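Structure file structure-v1.txt; described as compact mmCIF, C-alpha atoms.
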# COMPACT_ATOMS: atom_id res chain seq x y z
CA MET A 1182 74.35 22.81 -33.91
CA HIS A 1183 70.70 22.45 -32.93
CA LEU A 1184 69.38 25.31 -30.80
CA LEU A 1185 66.49 24.67 -28.37
CA PRO A 1186 63.88 27.28 -27.51
CA THR A 1187 64.27 28.97 -24.15
CA PRO A 1188 61.46 29.29 -21.55
CA ASP A 1189 61.37 33.04 -22.18
CA ASP A 1190 59.94 32.36 -25.64
CA TYR A 1191 56.75 30.88 -24.06
CA SER A 1192 55.38 33.67 -21.91
CA SER A 1193 52.19 35.11 -23.39
CA PRO A 1194 50.52 34.69 -26.81
CA ARG A 1195 52.15 36.79 -29.50
CA SER A 1196 50.85 38.12 -32.77
CA SER A 1197 50.93 35.50 -35.51
CA SER A 1198 52.52 35.86 -38.92
CA PRO A 1199 52.09 33.75 -42.08
CA PRO A 1200 54.10 30.50 -42.00
CA PRO A 1201 57.07 29.86 -44.25
CA SER A 1202 56.37 28.67 -47.77
CA SER A 1203 58.33 25.46 -47.15
CA TYR A 1204 55.33 23.78 -45.44
CA THR A 1205 53.37 21.28 -47.48
CA SER A 1206 49.97 22.57 -48.53
CA ILE A 1207 46.78 20.99 -47.16
CA PRO A 1208 43.21 21.50 -48.42
CA SER A 1209 42.19 25.13 -48.33
CA GLY A 1210 39.52 26.51 -46.03
CA ILE A 1211 41.33 26.53 -42.65
CA GLN A 1212 42.77 30.05 -42.82
CA ASP A 1213 41.99 31.96 -39.60
CA GLN A 1214 39.90 29.05 -38.28
CA LEU A 1215 40.26 28.12 -34.60
CA LEU A 1216 41.97 25.01 -33.27
CA GLU A 1217 41.50 24.04 -29.60
CA VAL A 1218 44.45 22.29 -27.93
CA THR A 1219 44.01 20.86 -24.43
CA VAL A 1220 47.17 19.82 -22.57
CA VAL A 1221 45.97 16.98 -20.34
CA GLY A 1222 49.29 15.91 -18.81
CA CYS A 1223 52.52 13.95 -19.23
CA ASN A 1224 53.48 10.35 -18.54
CA ASN A 1225 56.82 8.82 -17.57
CA LEU A 1226 58.91 11.96 -18.08
CA LYS A 1227 62.68 11.86 -17.90
CA ASP A 1228 63.87 12.70 -14.38
CA THR A 1229 66.20 15.71 -14.35
CA LYS A 1230 66.52 15.89 -10.53
CA TRP A 1231 68.70 13.63 -8.45
CA ILE A 1232 67.20 14.21 -5.01
CA SER A 1233 64.05 16.34 -5.08
CA ARG A 1234 60.97 16.00 -7.29
CA GLN A 1235 60.86 17.99 -10.53
CA ASP A 1236 58.25 20.67 -11.32
CA PRO A 1237 57.33 20.31 -15.03
CA TYR A 1238 55.45 22.65 -17.34
CA VAL A 1239 54.55 22.42 -21.05
CA CYS A 1240 55.06 24.95 -23.86
CA VAL A 1241 52.96 24.68 -27.04
CA GLU A 1242 53.88 26.55 -30.24
CA TYR A 1243 52.07 26.95 -33.56
CA ALA A 1244 53.54 29.34 -36.12
CA ASN A 1245 54.53 32.35 -33.98
CA THR A 1246 51.84 31.81 -31.31
CA LYS A 1247 53.17 30.33 -28.10
CA PHE A 1248 51.46 29.28 -24.86
CA ARG A 1249 52.80 28.01 -21.56
CA THR A 1250 50.95 25.95 -18.94
CA ARG A 1251 51.23 26.52 -15.24
CA THR A 1252 53.98 24.75 -13.31
CA CYS A 1253 52.87 21.47 -11.77
CA THR A 1254 54.67 21.58 -8.43
CA ASP A 1255 56.00 18.14 -7.42
CA GLY A 1256 54.46 16.69 -10.58
CA HIS A 1257 57.70 14.75 -11.12
CA LYS A 1258 57.23 12.19 -13.92
CA ASN A 1259 53.44 12.28 -14.26
CA PRO A 1260 52.19 15.88 -14.00
CA THR A 1261 48.59 16.87 -14.72
CA PHE A 1262 47.60 20.22 -16.29
CA ARG A 1263 44.19 20.10 -18.07
CA GLU A 1264 44.63 23.52 -19.69
CA LYS A 1265 43.10 24.56 -23.02
CA PHE A 1266 44.56 26.95 -25.57
CA VAL A 1267 43.13 28.28 -28.85
CA PHE A 1268 45.28 28.77 -31.97
CA SER A 1269 44.43 30.51 -35.23
CA LEU A 1270 45.19 28.20 -38.17
CA PHE A 1271 47.21 28.99 -41.31
CA GLU A 1272 47.02 27.49 -44.74
CA GLY A 1273 49.76 24.91 -45.22
CA LEU A 1274 50.87 24.62 -41.58
CA ARG A 1275 49.95 21.13 -40.39
CA GLU A 1276 51.93 20.56 -37.19
CA LEU A 1277 52.64 22.18 -33.84
CA SER A 1278 55.57 21.69 -31.48
CA VAL A 1279 55.53 20.78 -27.78
CA ASN A 1280 58.38 21.34 -25.29
CA VAL A 1281 58.47 20.19 -21.67
CA TRP A 1282 60.66 21.92 -19.05
CA ASN A 1283 61.46 21.53 -15.37
CA SER A 1284 61.08 24.75 -13.36
CA ASN A 1285 63.98 25.78 -11.09
CA THR A 1286 63.98 28.58 -8.55
CA LEU A 1287 67.70 29.34 -8.16
CA SER A 1288 69.01 28.15 -11.52
CA LYS A 1289 68.04 27.94 -15.18
CA ASP A 1290 65.13 25.66 -16.09
CA ASP A 1291 66.01 22.13 -17.22
CA PHE A 1292 64.95 20.89 -20.65
CA ILE A 1293 63.13 17.53 -20.45
CA GLY A 1294 61.99 16.76 -24.01
CA SER A 1295 60.19 17.97 -27.12
CA GLY A 1296 57.92 16.57 -29.81
CA ARG A 1297 55.93 17.45 -32.95
CA VAL A 1298 52.17 16.96 -33.24
CA GLN A 1299 50.67 16.30 -36.66
CA LEU A 1300 47.32 17.95 -37.45
CA GLN A 1301 46.12 15.90 -40.43
CA LYS A 1302 43.69 13.82 -38.38
CA VAL A 1303 42.10 16.67 -36.45
CA LEU A 1304 41.73 18.80 -39.60
CA SER A 1305 40.03 15.98 -41.50
CA GLN A 1306 37.96 14.39 -38.70
CA GLY A 1307 37.57 17.28 -36.27
CA TYR A 1308 38.88 15.45 -33.19
CA ASP A 1309 42.14 13.82 -32.07
CA ASP A 1310 42.90 12.38 -28.65
CA ALA A 1311 46.35 10.81 -28.44
CA ALA A 1312 49.66 10.72 -26.56
CA TRP A 1313 52.71 12.07 -28.41
CA THR A 1314 56.27 10.89 -27.79
CA LEU A 1315 58.90 13.30 -26.45
CA GLN A 1316 62.63 13.14 -27.16
CA CYS A 1317 65.55 14.57 -25.22
CA ASN A 1318 68.67 16.24 -26.68
CA ARG A 1319 70.31 12.90 -27.41
CA GLY A 1320 67.32 11.60 -29.34
CA ARG A 1321 66.22 9.20 -26.62
CA SER A 1322 62.69 8.88 -25.32
CA ALA A 1323 61.84 11.42 -22.62
CA GLY A 1324 58.24 10.34 -21.97
CA GLU A 1325 55.02 11.41 -23.64
CA VAL A 1326 52.51 14.25 -23.53
CA LYS A 1327 48.73 13.74 -23.74
CA LEU A 1328 46.83 16.26 -25.95
CA ILE A 1329 43.20 16.64 -27.01
CA LEU A 1330 42.75 18.50 -30.32
CA HIS A 1331 39.39 19.82 -31.51
CA TYR A 1332 38.54 21.51 -34.81
CA ALA A 1333 34.90 22.56 -34.96
CA ASN A 1334 34.70 23.65 -38.64
CA VAL A 1335 35.47 20.35 -40.28
CA LYS A 1336 33.09 19.46 -43.17
CA SER A 1337 32.95 16.92 -45.93
CA ALA A 1338 31.36 17.32 -49.34
CA LYS A 1339 30.42 13.65 -49.39
CA SER A 1340 28.51 13.80 -46.14
CA GLY A 1341 26.64 16.98 -47.05
CA GLY A 1342 28.24 19.14 -44.39
CA LYS A 1343 27.83 16.59 -41.57
CA PRO A 1344 30.72 15.77 -39.23
CA MET A 1345 33.10 13.10 -40.44
CA PRO A 1346 33.29 9.72 -38.68
CA GLY A 1347 35.32 9.98 -35.50
CA HIS A 1348 34.06 13.46 -34.69
CA ALA A 1349 31.81 13.68 -31.67
CA PRO A 1350 28.24 14.22 -32.95
CA THR A 1351 26.07 16.89 -31.46
CA ALA A 1352 23.32 15.94 -29.05
CA PRO A 1353 19.75 15.74 -30.43
CA PRO A 1354 17.46 18.65 -29.58
CA TYR A 1355 15.58 18.33 -26.37
CA VAL A 1356 11.90 17.54 -26.72
CA ALA A 1357 9.71 18.12 -23.69
CA PRO A 1358 7.50 15.11 -22.81
CA ALA A 1359 3.77 15.44 -23.29
CA ALA A 1360 1.90 16.67 -20.25
CA TYR A 1361 -0.11 14.08 -18.37
CA HIS A 1362 -3.87 14.64 -18.24
CA ALA A 1363 -5.83 12.73 -15.62
CA PRO A 1364 -9.18 11.25 -16.74
CA PRO A 1365 -12.32 13.10 -15.54
CA TYR A 1366 -13.68 12.01 -12.18
CA THR A 1367 -16.71 9.74 -12.28
CA THR A 1368 -18.95 8.60 -9.42
CA PRO A 1369 -18.35 5.02 -8.27
CA PRO A 1370 -20.97 2.45 -9.31
CA PRO A 1371 -23.77 1.72 -6.79
CA PRO A 1372 -23.30 -1.31 -4.57
CA SER A 1373 -24.82 -4.53 -5.76
CA ALA A 1374 -28.24 -5.38 -4.33
CA ALA A 1375 -27.73 -9.12 -4.56
CA PRO A 1376 -28.63 -10.93 -1.27
CA TYR A 1377 -25.81 -12.26 0.81
CA HIS A 1378 -25.42 -16.01 0.73
CA PRO A 1379 -23.64 -17.36 3.77
CA THR A 1380 -21.22 -20.17 3.40
CA ALA A 1381 -22.16 -23.70 4.19
CA SER A 1382 -22.65 -24.28 7.96
CA TYR A 1383 -21.17 -27.10 9.99
CA PRO A 1384 -23.29 -30.31 10.45
CA PRO A 1385 -25.45 -30.47 13.61
CA SER A 1386 -23.80 -31.90 16.75
CA PRO A 1387 -24.97 -35.45 17.78
CA PHE A 1388 -24.83 -34.52 21.50
CA PRO A 1389 -27.87 -33.06 23.35
CA SER A 1390 -27.84 -29.37 24.11
CA TYR A 1391 -28.12 -27.96 27.64
CA PRO A 1392 -30.04 -24.81 28.73
CA ALA A 1393 -28.02 -21.71 29.25
CA PRO A 1394 -27.33 -20.66 32.89
CA PRO A 1395 -29.41 -17.81 34.40
CA ALA A 1396 -28.22 -14.29 33.74
CA HIS A 1397 -28.13 -13.35 37.50
CA SER A 1398 -28.31 -15.08 40.92
CA SER A 1399 -31.74 -13.76 41.98
CA VAL A 1400 -33.10 -17.31 41.88
CA TYR A 1401 -31.44 -18.10 45.23
CA PRO A 1402 -33.43 -17.01 48.41
CA PRO A 1403 -31.81 -14.34 50.64
CA SER A 1404 -30.13 -15.47 53.90
CA PRO A 1405 -32.08 -14.70 57.17
CA TYR A 1406 -28.86 -14.21 59.14
CA PRO A 1407 -26.71 -11.11 59.13
CA PRO A 1408 -23.26 -11.49 57.73
CA PRO A 1409 -20.55 -12.44 60.24
CA PRO A 1410 -18.19 -9.70 61.37
CA GLN A 1411 -14.94 -9.53 59.52
CA PRO A 1412 -11.84 -10.10 61.65
CA THR A 1413 -9.40 -7.19 61.86
CA ALA A 1414 -5.65 -7.55 61.66
CA TYR A 1415 -4.97 -5.02 64.49
CA PHE A 1416 -6.69 -4.56 67.88
CA PRO A 1417 -8.32 -1.18 68.38
CA GLN A 1418 -6.41 1.19 70.64
CA PRO A 1419 -8.16 3.41 73.20
CA TYR A 1420 -8.23 7.07 72.38
CA PRO A 1421 -6.81 9.20 73.65
CA PRO A 1422 -3.82 7.13 74.77
CA ALA A 1423 -2.74 7.01 78.40
CA ALA A 1424 -0.83 10.09 79.48
CA TYR A 1425 2.80 9.80 80.33
CA PRO A 1426 3.86 10.84 83.90
CA LEU A 1427 4.50 14.53 84.00
CA HIS A 1428 7.90 15.82 84.94
CA THR A 1429 8.57 19.11 86.65
CA TYR A 1430 11.05 21.52 85.25
CA PRO A 1431 13.59 22.25 86.47
CA PRO A 1432 14.13 18.94 88.29
CA PRO A 1433 14.58 19.05 92.05
CA PRO A 1434 18.14 19.16 93.29
CA GLN A 1435 19.80 15.86 93.97
CA GLY A 1436 22.38 15.09 96.52
CA SER A 1437 25.95 15.09 95.23
CA PRO A 1438 27.80 11.84 95.74
CA TYR A 1439 31.09 13.72 96.10
CA TYR A 1440 30.19 15.80 99.13
CA PRO A 1441 29.01 14.44 102.45
CA ALA A 1442 25.52 15.24 103.58
CA GLY A 1443 25.36 18.17 105.80
CA TYR A 1444 24.40 21.73 105.84
CA CYS A 1445 23.08 22.89 102.51
CA SER A 1446 24.02 19.67 100.86
CA GLY A 1447 23.29 19.46 97.17
CA THR A 1448 22.60 23.17 96.62
CA TYR A 1449 24.65 25.56 94.56
CA PRO A 1450 25.71 28.14 95.29
CA PRO A 1451 25.64 27.65 99.04
CA PRO A 1452 23.91 30.38 101.03
CA TYR A 1453 26.01 32.72 103.11

Could I get this file's structure written as structure tokens?
Amino acid sequence: MHLLPTPDDYSSPRSSSPPPSSYTSIPSGIQDQLLEVTVVGCNNLKDTKWISRQDPYVCVEYANTKFRTRTCTDGHKNPTFREKFVFSLFEGLRELSVNVWNSNTLSKDDFIGSGRVQLQKVLSQGYDDAAWTLQCNRGRSAGEVKLILHYANVKSAKSGGKPMPGHAPTAPPYVAPAAYHAPPYTTPPPPSAAPYHPTASYPPSPFPSYPAPPAHSSVYPPSPYPPPPQPTAYFPQPYPPAAYPLHTYPPPPQGSPYYPAGYCSGTYPPPY
């Protein structure tokens, strides 16, 4: 019976121990060197939920060192992690294992799939960027996990210690551009003393020319008559204007049309 690792085995990094002697040996020189593993994400994972969306996370194991990514809430079939872990290498151990789980709050986490990642390419070329297939308990495909592996201490005797083909070369050293120096200021050349030659003029007109008119009208004799008066638009009004008839105040009493004329007519109050 095949036993799967439980999520409790992938909590925090543990102390590493030498691998079993059953692993095939690879070229020496990687003992205690560092291998960077970046978990980019997963594609087309097996769906373990019937109604809601699953919350996947990834567990990476090399020898006895184990790391766990954060839970991608509602990541469902295509979660994204972009988390980097660093492993210490052992002589002879050339693969690491990957397990993907679905996080549950009220029940045990669901196993989605697992896979094995071979390290031959990254140990020989220094860089490996690929997607690795995952399998479920029944051996069927459960999606894939995308990993970026980087091994910085790869060297080749044939290349004289330079990175092997396929490894990202280092950038050339920065060289500051030469400073710009402006030429010294010189006085402008003196203007040319050559005479100005006008362009060719138009041919003379065949018509006779007339004298120019006088600059002012002083050639005409002054008029012996005074200028006529200018008509006005309004007639002048006498000043001061005629006074209005003055009225006394208070006005004299008037006879009332409602009482017959008689003694003390029109006065109020009547005398006693």

Using all atoms listed in the file, tabulate the residues of segment 1216-1250 of chain A lying at most 9 Å from any atom of segment 1299-1315 of chain A, each with its closest atom pair and that distance in Å to one decimal, by chain and increasing residue number, as CSV.
residue,atom,partner,partner_atom,distance
A:Leu1216,CA,A:Leu1304,CA,8.9
A:Cys1223,CA,A:Ala1312,CA,8.5
A:Asn1224,CA,A:Ala1312,CA,8.9
A:Leu1226,CA,A:Leu1315,CA,8.5

Export of the given selection (C-alpha atoms) as a PDB file, keeping the file's coordinate frame:
ATOM      1  CA  LEU A1216      41.970  25.010 -33.270  1.00  0.00           C
ATOM      2  CA  CYS A1223      52.520  13.950 -19.230  1.00  0.00           C
ATOM      3  CA  ASN A1224      53.480  10.350 -18.540  1.00  0.00           C
ATOM      4  CA  LEU A1226      58.910  11.960 -18.080  1.00  0.00           C
TER       5      LEU A1226
END

So which residues are close to (41.6, 26.3, -22.5), meaning at most 8 Å away in the file's coordinates with only C-alpha atoms counted, and can you show them as an MDAnalysis selection string? chainID A and resid 1217:1219 1264:1267

Separating atom CA of Leu1328 of chain A from atom CA of Gly1222 of chain A, to the nearest tenth of an Å, is a gap of 7.6 Å

Which residue is closest to Thr1254 of chain A? Choose from A:Thr1229, A:Asn1283, A:Phe1271, A:Ser1278 and count all atoms listed in the file. A:Asn1283

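From atom CA of Asp1291 of chain A back to atom CA of Cys1317 of chain A, the distance works out to 11.0 Å.
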
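Residue nearest Gln1212 of chain A, chosen from A:Val1298, A:Val1241, A:Leu1270, A:Ile1232 and counting all atoms listed in the file: A:Leu1270.
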
One decimal, in Å: what's the spacing between atom CA of His1257 of chain A and atom CA of Lys1230 of chain A? 8.9 Å

Can you work out which one of A:Val1326, A:Leu1215, A:Asn1285, A:Asn1280 has the shortest atom-to-atom distance to Thr1261 of chain A, counting all atoms listed in the file? A:Val1326
